[in-house]
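One structure below.
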Amino acid sequence: MSKPVTPGLSRDNVTRTQKFSIAGVAALGAAALAFSLVPGNSEAGAQAADVSPVAFAVSAGAQKTVHASVSKQQSNADKQARDAAAKAAADKKAADQAAARKRAEDERKAKEAASRAAARKPVYANNLDGWIRQSLDIMRAKGIPGSYEGLHRNILRESSGNPNAINGWDINAINGTPSIGLLQVIKPTFDAYHVEGTSTNIYDPVANITAAANYAADRYGSMDNVNSAY
């Protein structure tokens, strides 16, 4: 006796395996539907489970970006520091070189000035003419009046041009202070009218002339005004 057949299905087509397959598909469909309808934590968990790998990947990428940015900033800071140090060293070197050049230039100018001064410095002959001319230059520098003619005239009258001449017979000699030198100056007068920068030796011709001219300027206005013993 044959078994009844489910309407729409043939006995040949509905096998045991197919029955299990159909049941499994139905079960999976129901489970999927139930999962999609479960509210709350289940949905959040499912979504978190689906999203977390992506979120982790994004987080790792961001960390790499930040790290690269920090590294670049550090590299730029290091470069700026090196550039600043190099500039400071270059500036110091340039300043040192400029200072050295200025010192060298100052020394060169000082030497040139000394050379020019030496070249301008007159050389006086060691004779009556030279002594008078040197005395006149000192007198002009000190503001002492007098001329070549006035000095020369009085020197010839007083000592005949002998710087070692001594008067041993006049009143000064009698009083113990003989007249000495080219312009026959006594020692107290020489000391009182000595001109700074000249020798303190009364026999020195330039010192003797200059002190006598200083005395004559004070007493007579100038040696040019002296025409006899003074």
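Residue numbering restarts at 1 in every chain; chains get A, B, ... in the order shown in the structure tokens, and ligands count up from 1 in that same order.
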Need to verify the contact set: Met223 (chain A), 7 Å, only C-alpha atoms, exclusion of same-chain residues closer than 5 positions in sequence. Can you return it as a PDB file with all heavy atoms, in the first residue's frame?
ATOM      1  N   GLY A 146     109.871 137.407  19.983  1.00  0.00           N
ATOM      2  CA  GLY A 146     111.294 137.552  19.656  1.00  0.00           C
ATOM      3  C   GLY A 146     111.544 137.191  18.209  1.00  0.00           C
ATOM      4  O   GLY A 146     110.771 136.443  17.605  1.00  0.00           O
ATOM      5  N   GLY A 150     116.789 139.887  16.549  1.00  0.00           N
ATOM      6  CA  GLY A 150     116.958 140.358  17.922  1.00  0.00           C
ATOM      7  C   GLY A 150     117.816 139.396  18.735  1.00  0.00           C
ATOM      8  O   GLY A 150     118.676 139.809  19.523  1.00  0.00           O
ATOM      9  N   LEU A 151     117.588 138.094  18.602  1.00  0.00           N
ATOM     10  CA  LEU A 151     118.394 137.110  19.332  1.00  0.00           C
ATOM     11  C   LEU A 151     119.841 137.137  18.869  1.00  0.00           C
ATOM     12  O   LEU A 151     120.782 137.152  19.693  1.00  0.00           O
ATOM     13  CB  LEU A 151     117.807 135.708  19.155  1.00  0.00           C
ATOM     14  CG  LEU A 151     116.421 135.453  19.757  1.00  0.00           C
ATOM     15  CD1 LEU A 151     115.937 134.053  19.397  1.00  0.00           C
ATOM     16  CD2 LEU A 151     116.451 135.630  21.278  1.00  0.00           C
ATOM     17  N   ALA A 213     115.297 134.907  26.514  1.00  0.00           N
ATOM     18  CA  ALA A 213     114.226 135.542  25.734  1.00  0.00           C
ATOM     19  C   ALA A 213     112.949 135.634  26.556  1.00  0.00           C
ATOM     20  O   ALA A 213     112.206 136.626  26.457  1.00  0.00           O
ATOM     21  CB  ALA A 213     113.976 134.741  24.466  1.00  0.00           C
ATOM     22  N   ALA A 216     113.529 138.515  28.962  1.00  0.00           N
ATOM     23  CA  ALA A 216     113.466 139.794  28.262  1.00  0.00           C
ATOM     24  C   ALA A 216     112.034 140.147  27.878  1.00  0.00           C
ATOM     25  O   ALA A 216     111.630 141.323  27.933  1.00  0.00           O
ATOM     26  CB  ALA A 216     114.345 139.743  27.018  1.00  0.00           C
ATOM     27  N   ALA A 217     111.240 139.148  27.477  1.00  0.00           N
ATOM     28  CA  ALA A 217     109.844 139.409  27.137  1.00  0.00           C
ATOM     29  C   ALA A 217     109.076 139.895  28.360  1.00  0.00           C
ATOM     30  O   ALA A 217     108.216 140.782  28.258  1.00  0.00           O
ATOM     31  CB  ALA A 217     109.198 138.130  26.591  1.00  0.00           C
TER      32      ALA A 217
END
Which of these residues is nearest to Ile155 (chain A), using only C-alpha atoms: A:Asp106, A:Asp191, A:Asp224, A:Asp218?
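Ranked by minimum distance to Ile155 (chain A), first place goes to A:Asp224.
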DSSP on the backbone: what in region 60-202 of chain A comes out helix (DSSP H, G or I), as a PyMOL selection string?
chain A and resi 60-120+128-142+148-159+171-174+187-193
Which polymer residues have any atom within 12 Å of an atom of region 162-171 of chain A, counting only C-alpha atoms, with same-chain residues fewer than 2 positions away left out, as a VMD selection string?
chain A and resid 126 to 128 131 to 132 155 to 160 173 to 187 201 to 209 229
